[in-house]
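**Q** Supplied in structure tokens, the structure appears directly below.
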Number of protein chains: 2
Amino acid sequence: MKLLQPIQINSMTVPNRVAVPAMVTRLSGEDGFVNANVIDRYVRYAQGHVGLIVVEAMAIHGSKSGPLLRISDDSFIPGHAELVKRVHDAGPSKIVPQIIHFMKVARSGWRQTIDQLSLHDIDQIVEQFGAAAARARAAGYDGVELHSAHAYTLSSFLSRHNKRRDAYDGRTLEGRLFMFGRVMTKVRQLVGPDFPVGVRFLAEEAIKDGYALPDAQRIALRMAQMGVDYISLSIGGKFEDAIHKPGQPLYPYTGYSGDRCMPGDGYPALPHVHLAAGIKEYINGKGYAVPVMSVGKISDPADAERLLQDGKADMIGMARQLLSDPDWVKKVEGNRADAIVRCIYCNVCKQLDENFKLVACFLWPKGAIQAPQEDLAADRPRWPAAQAALKATLKEGTVQLAWAKAEGSDIIGYDIYRAEDGGSAGIVEAVKAPKFTDRLVLGGLHYTYYVVAFDKSGRHSPPSNAVRVDMPMPDFTRPARESSHA
Amino acid sequence: MKLLQPIQINSMTVPNRVAVPAMVTRLSGEDGFVNANVIDRYVRYAQGHVGLIVVEAMAIHGSKSGPLLRISDDSFIPGHAELVKRVHDAGPSKIVPQIIHFMKVARSGWRQTIDQLSLHDIDQIVEQFGAAAARARAAGYDGVELHSAHAYTLSSFLSRHNKRRDAYDGRTLEGRLFMFGRVMTKVRQLVGPDFPVGVRFLAEEAIKDGYALPDAQRIALRMAQMGVDYISLSIGGKFEDAIHKPGQPLYPYTGYSGDRCMPGDGYPALPHVHLAAGIKEYINGKGYAVPVMSVGKISDPADAERLLQDGKADMIGMARQLLSDPDWVKKVEGNRADAIVRCIYCNVCKQLDENFKLVACFLWPKGAIQAPQEDLAADRPRWPAAQAALKATLKEGTVQLAWAKAEGSDIIGYDIYRAEDGGSAGIVEAVKAPKFTDRLVLGGLHYTYYVVAFDKSGRHSPPSNAVRVDMPMPDFTRPARESSHA
């Protein structure tokens with residue numbers, strides 16, 4: 001599999017094509033120091049053989065914020081050095097920190113924008129990026145990633161919403177790119193030519209009057225021209241369409257652009273791969289081979305492999321899927337893809353982040369702050385009397401499923417598999433209690449359901465009995481009456 | 001070319017695969033009657049050999065609104081009959097009206113939503129759709145199209161934002177589909193099995209918590225199951241993210257979903273064709289051959305043909321491109337694709353609609369209310385002294401172009417062609433005065449420009465001289481100083 005082949009990124013040999021993009025964990029304190037929980041989170045990915053681990057965004061400056069890692073002065077270096085050592089001790093994974101500058105947001109809904117920055121402020125941010133990158137190198141990280149995505153400072157310069165009218169002029173592509181050029185120049189100067197410098201930026205802003213693929217292709221080209229060593233993409237996640245909750249600072253993933261950033265279960269698989277493909281095709285066409293990472297609801301190993309084989313991506317980024325199962329790569333290596341705990345894109349992790357709570361996965365055992373270790377010695381969950389007695393009832397355009405509880409040690413939930421009209425079965429939901437209502441069924445089709453129980457270590461039961469449901473077409477000739485369903 | 005082959009839609013033989021989707025014209029009065037300007041608009045498409053002409057949305061009910069066509073009682077039939085006759089007299093084009101129900105919007109920003117409708121109100125809307133469709137047949141239209149897209153009533157039932165909790169329950173797919181089912185059943189009952197009934201709906205809502213492709217596939221399948229004769233797609237255009245201008249009723253194309261509905265010049269060509277392709281693949285896979293129309297920045301005949309050849313669409317819808325040049329099909333038929341007046345997606349037409357002004361094209365002669373007829377006898381525009389003396393100047397990350405005015409009768413503008421880095425040249429902008437500043441150029445690339453003048457009948461000059469510009473890379477080591485550009 002191409003997925004499992006190493007990829008060379010400047011001086012860094014990444015052991016496979018799988019990366020975990022930066023994800024907020026809310027595991028650090030307000031002090032910004034690396035702590036044991038933070039280390040455990042990233043070691044877990046290394047134990048699972050994730051090729052490239054990008055550590056959650058850490059601030060290059062001292063501005064106030066909630067719990068957030070920092071790399072804004074040398075006192076933070078030892079903590080990072082310890083994190084790097086622990087990850088390297090766990091295996092061949094490479095680890096880079098994502099470094100971020102952000103601006104002020106107030107509980108009133110007010111936020112600082114880049115047109116309010118003086119040229120002195122900007123010079124200072126350039127210096128801060130350089131210094132933070134140098135600290136990343138000093139801490140032993142394998143490279144560094146510049147956060148130039150979502151609602152934050154560097155991304156705001158790239159945006160079509162950039163309102164500056166000087167050298168950083170938002171009306172010209174070069175004006176929008178000038179800040180990135182200065183930062184990259186400074187960073188390269190301080191870390192040297194051999195230290196991998198990656199960048200994450202938006203393939204689409206996904207906001208009104210924002211930029212789309214054509215600008216993103218040219219932004220990526222500039223990054224390639226300047227010797228960026230890998231390009232990681234994201235979509236949306238902007239302040240412009242964020243929904244302000246009274247008394248809370250703006251959270252840039254609450255609007256539609258937030259939906260596109262972390263597409264939920266209503267989106268198809270791979271909704272954004274055409275954007276990475278379009279960017280890769282464009283820069284490759286100009287003679288640059290900088291690896292491009294594709295992201296967005298990629299979770300099936302066959303899909304990931306196909307993207308690489310078809311030349312639509314050089315690397316595969318999975319945030320939510322690797323949160324739910326950091327052993328994804330290890331299971332693929334061991335031909336145990338069926339043992340992967342598949343992300344259901346319920347976005348509970350997103351909601352936890354939004355509410356400033358420790359970011360965990362809905363599929364983990366209740367209260368767990370890290371992904372469980374698979375317990376291969378444990379009994380696999382099983383169904384009582386060799387089957388689950390799964391039953392389906394039709395009610396008002398829905399299918400209501402119920403089944404007997406599985407047996408085994410510490411059963412924590414059930415994956416609901418559904419095949420529509422004789423198609424292939426896929427997980428449509430995961431639940432904790434033995435019942436589920438499917439509201440997205442269509443009359444005239446038949447559905448086959450089965451459920452699979454999982455325990456606290458992510459071990460799965462055999463499939464339950466399968467039930468087939470033939471959904472009737474509604475009667476459209478009959479008007480609905482008050483207080484009753486069709 | 002497959003593009004020029006007829007397609008059978010129920011009893012209607014559409015002479016080619018090109019359709020003009022419904023577009024507001026603001027040509028009618030508040031009385032809602034067809035008038036001479038309205039007739040001229042649609043006859044113009046027939047003269048240009050557009051296969052299927054969809055007449056702008058016309059109200060099935062009497063609710064107050066601005067200027068808008070009506071088909072809400074029999075008094076409107078003679079006007080429509082006259083429109084149909086005039087279009088049929090002009091050639092083999094087929095013509096169908098788009099019929100719409102919309103709800104109340106107030107200048108305060110308040111709007112009526114479907115959860116405020118009583119079951120009696122709903123029954124009445126069902127009856128109104130049926131009666132309007134019957135009137136369409138009586139007027140001699142070749143079919144009828146149900147408006148189930150954008151911010152309007154039928155679309156609001158299909159939406160994931162549907163807040164009803166009865167037979168039209170927004171939490172279930174069947175609940176969301178029940179209204180469409182009732183309307184389609186009633187319409188079919190009244191127009192008979194042989195009268196073509198098409199529908200337009202959203203392939204993606206493009207709003208927070210809106211639906212995406214998986215729901216759209218199943219909505220399309222239901223439409224196929226119910227005997228819809230063609231499916232026309234659109235994207236976005238919702239009230240949920242519309243921006244309220246004080247004192248104005250909400251206009252559903254002002255938010256990001258409006259950008260996606262009519263993607264402007266910042267978007268790549270064909271940004272939405274994967275959605276039509278995904279829907280077509282899904283319903284074809286279930287055994288339904290209902291034609292699916294692809295839309296969104298399709299303007300190049302080769303692109304349109306490729307979509308049909310690759311099985312990604314059955315028909316091609318072009319609104320803005322056919323507004324700018326209704327003779328698109330005729331020119332393709334005559335192997336004169338280079339004479340097409342190419343839409344530049346400047347969205348001046350959209351702004352006119354938004355401001356309740358007569359919808360015209362920026363590329364038409366000033367003051368024209370219809371697309372000009374190509375005057376083949378007129379001298380073609382030409383350059384003085386055999387060339388245009390096009391000159392380019394670099395300034396602050398932009399390319400500034402200026403050239404001598406073209407000669408000829410009634411020159412009205414210039415298309416700016418640009419080739420980036422030796423690639424193929426395409427129109428990046430059209431301007432009325434002989435100058436242009438290109439702000440979307442990237443240092444390190446070279447650009448070749450030429451301009452083509454056009455006159456009031458859309459006739460083009462030969463290309464001007466070409467100029468090549470080598471954009472330098474900016475100096476990122478130098479901080480910017482106050483009051484100066486980089």
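We label chains A, B, ... in the order they appear in the structure tokens, count residues from 1 in each chain, and number ligands from 1 in the order shown.
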Would you kindly report the residues of chain B within 7 Å of chain A, using only C-alpha atoms, as JSON, numbers by chain?
**A** {"B": [119, 123, 166, 167, 171, 172, 173, 174, 175, 181, 182, 185, 207, 208, 211, 212, 213, 214, 255, 256, 259, 266, 267, 268, 397, 398, 439, 440, 441, 442, 476, 477, 479, 480, 481, 482, 483, 484, 485, 486]}
**Q** Just list the residues in range 247-368 of chain B DSSP gives helix (DSSP H, G or I) on the backbone, as a CSV table (one decimal) with N, CA, C and O atoms, in the first residue's frame.
**A**
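Final file, states03.csv:
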```csv
chain,number,residue,atom,x,y,z
B,256,TYR,N,-23.6,33.7,2.3
B,256,TYR,CA,-22.7,32.7,1.6
B,256,TYR,C,-23.5,31.8,0.7
B,256,TYR,O,-23.0,31.4,-0.4
B,257,SER,N,-24.7,31.4,1.2
B,257,SER,CA,-25.5,30.4,0.3
B,257,SER,C,-25.9,31.1,-1.0
B,257,SER,O,-26.0,30.5,-2.0
B,258,GLY,N,-25.9,32.5,-1.0
B,258,GLY,CA,-26.2,33.2,-2.2
B,258,GLY,C,-25.0,33.2,-3.1
B,258,GLY,O,-25.1,33.1,-4.3
B,259,ASP,N,-23.8,33.3,-2.5
B,259,ASP,CA,-22.5,33.1,-3.3
B,259,ASP,C,-22.5,31.8,-4.0
B,259,ASP,O,-22.1,31.7,-5.1
B,260,ARG,N,-22.9,30.7,-3.3
B,260,ARG,CA,-22.8,29.4,-3.9
B,260,ARG,C,-23.9,29.3,-4.9
B,260,ARG,O,-23.8,28.5,-5.9
B,261,CYS,N,-25.0,30.0,-4.8
B,261,CYS,CA,-26.1,29.9,-5.7
B,261,CYS,C,-25.7,30.5,-7.1
B,261,CYS,O,-26.0,29.9,-8.1
B,273,VAL,N,-20.4,20.7,-10.4
B,273,VAL,CA,-20.8,19.6,-11.3
B,273,VAL,C,-20.7,18.3,-10.6
B,273,VAL,O,-21.4,17.3,-11.0
B,274,HIS,N,-19.9,18.2,-9.5
B,274,HIS,CA,-19.8,16.9,-8.8
B,274,HIS,C,-21.2,16.6,-8.1
B,274,HIS,O,-21.5,15.4,-7.8
B,275,LEU,N,-21.9,17.6,-7.8
B,275,LEU,CA,-23.2,17.4,-7.1
B,275,LEU,C,-24.2,16.8,-8.1
B,275,LEU,O,-24.9,15.8,-7.7
B,276,ALA,N,-24.4,17.4,-9.3
B,276,ALA,CA,-25.3,16.8,-10.3
B,276,ALA,C,-24.8,15.4,-10.6
B,276,ALA,O,-25.6,14.4,-10.7
B,277,ALA,N,-23.5,15.2,-10.7
B,277,ALA,CA,-23.0,13.9,-11.1
B,277,ALA,C,-23.3,12.8,-10.0
B,277,ALA,O,-23.7,11.7,-10.2
B,278,GLY,N,-23.2,13.3,-8.7
B,278,GLY,CA,-23.5,12.4,-7.6
B,278,GLY,C,-25.0,12.0,-7.5
B,278,GLY,O,-25.3,10.9,-7.2
B,279,ILE,N,-25.8,13.0,-7.8
B,279,ILE,CA,-27.3,12.7,-7.8
B,279,ILE,C,-27.7,11.8,-9.0
B,279,ILE,O,-28.4,10.9,-8.8
B,280,LYS,N,-27.1,12.1,-10.2
B,280,LYS,CA,-27.4,11.3,-11.3
B,280,LYS,C,-27.0,9.8,-11.1
B,280,LYS,O,-27.7,8.9,-11.4
B,281,GLU,N,-25.8,9.7,-10.6
B,281,GLU,CA,-25.2,8.3,-10.4
B,281,GLU,C,-26.2,7.6,-9.4
B,281,GLU,O,-26.4,6.4,-9.6
B,282,TYR,N,-26.6,8.3,-8.4
B,282,TYR,CA,-27.4,7.6,-7.4
B,282,TYR,C,-28.8,7.2,-8.0
B,282,TYR,O,-29.2,6.0,-7.8
B,283,ILE,N,-29.5,8.1,-8.6
B,283,ILE,CA,-30.8,7.7,-9.1
B,283,ILE,C,-30.7,6.7,-10.3
B,283,ILE,O,-31.5,5.8,-10.4
B,284,ASN,N,-29.7,6.9,-11.2
B,284,ASN,CA,-29.5,5.9,-12.3
B,284,ASN,C,-29.2,4.5,-11.7
B,284,ASN,O,-29.7,3.5,-12.2
B,285,GLY,N,-28.5,4.5,-10.6
B,285,GLY,CA,-28.2,3.2,-9.9
B,285,GLY,C,-29.4,2.5,-9.3
B,285,GLY,O,-29.4,1.3,-9.1
B,301,PRO,N,-18.5,25.5,-24.3
B,301,PRO,CA,-19.2,24.4,-25.0
B,301,PRO,C,-18.4,23.1,-24.8
B,301,PRO,O,-19.1,22.0,-24.6
B,302,ALA,N,-17.1,23.1,-24.8
B,302,ALA,CA,-16.3,21.9,-24.6
B,302,ALA,C,-16.6,21.3,-23.2
B,302,ALA,O,-16.7,20.1,-23.1
B,303,ASP,N,-16.6,22.1,-22.2
B,303,ASP,CA,-16.9,21.6,-20.9
B,303,ASP,C,-18.3,21.0,-20.8
B,303,ASP,O,-18.5,20.0,-20.2
B,304,ALA,N,-19.3,21.7,-21.4
B,304,ALA,CA,-20.7,21.2,-21.4
B,304,ALA,C,-20.7,19.8,-22.1
B,304,ALA,O,-21.4,18.9,-21.6
B,305,GLU,N,-20.1,19.7,-23.2
B,305,GLU,CA,-20.1,18.5,-24.0
B,305,GLU,C,-19.5,17.3,-23.2
B,305,GLU,O,-19.9,16.2,-23.1
B,306,ARG,N,-18.3,17.7,-22.5
B,306,ARG,CA,-17.6,16.7,-21.7
B,306,ARG,C,-18.5,16.2,-20.6
B,306,ARG,O,-18.5,15.0,-20.3
B,307,LEU,N,-19.2,17.0,-19.9
B,307,LEU,CA,-20.1,16.6,-18.8
B,307,LEU,C,-21.1,15.6,-19.3
B,307,LEU,O,-21.4,14.6,-18.7
B,308,LEU,N,-21.7,15.8,-20.5
B,308,LEU,CA,-22.7,14.9,-21.1
B,308,LEU,C,-22.0,13.6,-21.5
B,308,LEU,O,-22.5,12.5,-21.2
B,309,GLN,N,-20.8,13.7,-22.2
B,309,GLN,CA,-20.1,12.5,-22.6
B,309,GLN,C,-19.7,11.6,-21.4
B,309,GLN,O,-19.7,10.4,-21.5
B,320,ARG,N,-26.7,32.7,-16.3
B,320,ARG,CA,-26.0,34.0,-16.6
B,320,ARG,C,-25.4,34.0,-18.0
B,320,ARG,O,-25.4,35.0,-18.7
B,321,GLN,N,-24.8,32.8,-18.4
B,321,GLN,CA,-24.2,32.7,-19.7
B,321,GLN,C,-25.2,33.0,-20.8
B,321,GLN,O,-24.9,33.6,-21.8
B,322,LEU,N,-26.4,32.4,-20.7
B,322,LEU,CA,-27.4,32.7,-21.7
B,322,LEU,C,-28.1,34.0,-21.6
B,322,LEU,O,-28.6,34.5,-22.6
B,323,LEU,N,-28.0,34.6,-20.5
B,323,LEU,CA,-28.4,36.0,-20.4
B,323,LEU,C,-27.5,36.9,-21.2
B,323,LEU,O,-27.9,37.7,-22.0
B,324,SER,N,-26.2,36.7,-21.0
B,324,SER,CA,-25.2,37.5,-21.7
B,324,SER,C,-25.2,37.2,-23.2
B,324,SER,O,-25.1,38.1,-24.0
B,328,TRP,N,-25.9,31.4,-27.8
B,328,TRP,CA,-24.9,30.5,-27.4
B,328,TRP,C,-25.1,29.2,-28.3
B,328,TRP,O,-24.1,28.7,-28.9
B,329,VAL,N,-26.3,28.6,-28.2
B,329,VAL,CA,-26.5,27.3,-28.9
B,329,VAL,C,-26.3,27.5,-30.4
B,329,VAL,O,-25.7,26.7,-31.1
B,330,LYS,N,-26.9,28.6,-30.9
B,330,LYS,CA,-26.9,28.8,-32.4
B,330,LYS,C,-25.4,29.0,-32.8
B,330,LYS,O,-25.0,28.5,-33.9
B,331,LYS,N,-24.6,29.6,-32.1
B,331,LYS,CA,-23.2,29.8,-32.4
B,331,LYS,C,-22.5,28.5,-32.3
B,331,LYS,O,-21.6,28.2,-33.2
B,332,VAL,N,-22.8,27.6,-31.4
B,332,VAL,CA,-22.2,26.3,-31.3
B,332,VAL,C,-22.6,25.5,-32.5
B,332,VAL,O,-21.7,24.8,-33.1
B,333,GLU,N,-23.9,25.5,-32.8
B,333,GLU,CA,-24.4,24.8,-34.0
B,333,GLU,C,-23.6,25.2,-35.3
B,333,GLU,O,-23.3,24.4,-36.2
B,337,ALA,N,-18.3,29.0,-31.9
B,337,ALA,CA,-18.2,29.2,-30.5
B,337,ALA,C,-17.3,30.4,-30.1
B,337,ALA,O,-17.5,31.0,-29.1
B,338,ASP,N,-16.4,30.7,-30.9
B,338,ASP,CA,-15.5,31.9,-30.6
B,338,ASP,C,-16.2,33.2,-30.7
B,338,ASP,O,-15.8,34.2,-30.2
B,339,ALA,N,-17.4,33.2,-31.3
B,339,ALA,CA,-18.2,34.4,-31.3
B,339,ALA,C,-19.1,34.6,-30.1
B,339,ALA,O,-19.8,35.6,-30.0
B,348,VAL,N,-23.4,41.5,-12.0
B,348,VAL,CA,-24.1,42.7,-12.0
B,348,VAL,C,-25.6,42.4,-12.2
B,348,VAL,O,-26.5,43.0,-11.5
B,349,CYS,N,-25.9,41.3,-12.9
B,349,CYS,CA,-27.3,40.9,-13.0
B,349,CYS,C,-27.9,40.5,-11.6
B,349,CYS,O,-29.1,40.9,-11.3
B,350,LYS,N,-27.1,39.9,-10.8
B,350,LYS,CA,-27.6,39.6,-9.4
B,350,LYS,C,-27.9,40.8,-8.6
B,350,LYS,O,-28.9,40.9,-7.9
B,351,GLN,N,-26.9,41.8,-8.7
B,351,GLN,CA,-27.1,43.0,-8.0
B,351,GLN,C,-28.3,43.8,-8.4
B,351,GLN,O,-29.0,44.4,-7.6
B,352,LEU,N,-28.6,43.8,-9.7
B,352,LEU,CA,-29.8,44.5,-10.2
B,352,LEU,C,-31.1,43.8,-9.6
B,352,LEU,O,-32.0,44.5,-9.2
B,353,ASP,N,-31.1,42.5,-9.7
B,353,ASP,CA,-32.3,41.8,-9.1
B,353,ASP,C,-32.4,42.2,-7.6
B,353,ASP,O,-33.5,42.5,-7.1
B,354,GLU,N,-31.3,42.1,-6.9
B,354,GLU,CA,-31.3,42.4,-5.5
B,354,GLU,C,-31.9,43.8,-5.2
B,354,GLU,O,-32.5,44.0,-4.2
```
**Q** Find the residues near Asn37 in chain A: any atom within 8 Å, counting only C-alpha atoms, skip ones fewer than 3 places away on the same chain, and give them as a list in words.
**A** Leu27, Ser28, Asp40 and Arg41 of chain A
**Q** So that I can see what lies close to Arg26 in chain B, please list as a ChimeraX atom specification the residues with an atom at most 8 Å from it, counting only C-alpha atoms and leaving out residues fewer than 6 positions away in the same chain.
**A** /B:67-68,353,356-359
**Q** Give me a file of those residues, with all heavy atoms, as a compact mmCIF listing (two decimals), in the first residue's frame.
**A**
```txt
# COMPACT_ATOMS: atom_id res chain seq x y z
N PRO B 67 -42.65 43.40 -8.38
CA PRO B 67 -42.98 42.97 -9.73
C PRO B 67 -42.68 41.48 -9.88
O PRO B 67 -41.59 41.04 -9.54
CB PRO B 67 -42.01 43.78 -10.61
CG PRO B 67 -41.56 44.93 -9.77
CD PRO B 67 -41.62 44.45 -8.36
N LEU B 68 -43.65 40.72 -10.35
CA LEU B 68 -43.50 39.27 -10.40
C LEU B 68 -44.60 38.72 -11.30
O LEU B 68 -45.75 39.16 -11.19
CB LEU B 68 -43.69 38.69 -8.99
CG LEU B 68 -43.61 37.18 -8.82
CD1 LEU B 68 -42.15 36.75 -8.71
CD2 LEU B 68 -44.38 36.73 -7.58
N ASP B 353 -31.12 42.50 -9.66
CA ASP B 353 -32.26 41.80 -9.07
C ASP B 353 -32.40 42.17 -7.60
O ASP B 353 -33.49 42.51 -7.13
CB ASP B 353 -32.06 40.29 -9.23
CG ASP B 353 -33.11 39.50 -8.47
OD1 ASP B 353 -34.27 39.96 -8.38
OD2 ASP B 353 -32.78 38.41 -7.96
N PHE B 356 -34.09 45.27 -7.01
CA PHE B 356 -35.41 45.37 -7.64
C PHE B 356 -35.37 46.15 -8.95
O PHE B 356 -36.33 46.82 -9.31
CB PHE B 356 -36.44 45.98 -6.67
CG PHE B 356 -36.47 45.28 -5.35
CD1 PHE B 356 -35.84 45.82 -4.23
CD2 PHE B 356 -37.08 44.03 -5.23
CE1 PHE B 356 -35.85 45.16 -3.02
CE2 PHE B 356 -37.08 43.37 -4.01
CZ PHE B 356 -36.47 43.93 -2.91
N LYS B 357 -34.22 46.09 -9.63
CA LYS B 357 -34.11 46.76 -10.92
C LYS B 357 -34.20 45.76 -12.05
O LYS B 357 -33.91 44.57 -11.87
CB LYS B 357 -32.76 47.50 -10.99
CG LYS B 357 -32.73 48.70 -10.07
CD LYS B 357 -31.44 49.48 -10.22
CE LYS B 357 -31.46 50.71 -9.31
NZ LYS B 357 -30.11 51.10 -8.91
N LEU B 358 -34.57 46.24 -13.21
CA LEU B 358 -34.66 45.41 -14.39
C LEU B 358 -33.34 44.66 -14.58
O LEU B 358 -32.26 45.25 -14.53
CB LEU B 358 -34.92 46.35 -15.57
CG LEU B 358 -35.33 45.76 -16.89
CD1 LEU B 358 -36.09 46.82 -17.68
CD2 LEU B 358 -34.12 45.27 -17.67
N VAL B 359 -33.43 43.35 -14.75
CA VAL B 359 -32.22 42.53 -14.83
C VAL B 359 -31.68 42.53 -16.27
O VAL B 359 -32.31 42.02 -17.19
CB VAL B 359 -32.50 41.09 -14.35
CG1 VAL B 359 -31.27 40.21 -14.55
CG2 VAL B 359 -32.90 41.12 -12.87
```
**Q** At a cut-off of 9 Å, using only C-alpha atoms, what residues contact Lys104 in chain A? Leave out same-chain residues fewer than 4 positions from it and give the result as number ranges by chain.
**A** A: 63-65, 110-113
**Q** Would you output that residue set with N, CA, C and O atoms, as a compact mmCIF listing (two decimals), in the first residue's frame?
**A**
```txt
# COMPACT_ATOMS: atom_id res chain seq x y z
N SER A 63 -0.38 36.52 24.61
CA SER A 63 -1.75 37.02 24.79
C SER A 63 -2.60 36.06 25.60
O SER A 63 -2.48 34.85 25.48
N LYS A 64 -3.48 36.64 26.37
CA LYS A 64 -4.39 35.87 27.21
C LYS A 64 -5.28 34.98 26.32
O LYS A 64 -5.66 35.35 25.23
N SER A 65 -5.60 33.84 26.83
CA SER A 65 -6.55 32.95 26.15
C SER A 65 -6.97 31.93 27.19
O SER A 65 -6.56 32.01 28.35
N TRP A 110 -16.80 41.68 20.25
CA TRP A 110 -15.76 42.46 19.56
C TRP A 110 -14.56 41.56 19.30
O TRP A 110 -14.24 40.67 20.08
N ARG A 111 -13.92 41.79 18.17
CA ARG A 111 -12.64 41.11 17.92
C ARG A 111 -11.69 42.04 17.20
O ARG A 111 -12.11 42.89 16.41
N GLN A 112 -10.44 41.86 17.49
CA GLN A 112 -9.38 42.62 16.83
C GLN A 112 -9.21 42.05 15.42
O GLN A 112 -9.30 40.84 15.22
N THR A 113 -9.00 42.94 14.45
CA THR A 113 -8.79 42.46 13.08
C THR A 113 -7.43 42.96 12.58
O THR A 113 -6.86 43.90 13.16
```
**Q** Show me, as a ChimeraX atom specification, the residues that have an atom within 12 Å of Pro291 in chain A when counting only C-alpha atoms, minus same-chain residues fewer than 6 positions from it.
**A** /A:7-10,14,17,196-200,220-221,223-224,227-233,276-277,279-281,283-284,308,311-317
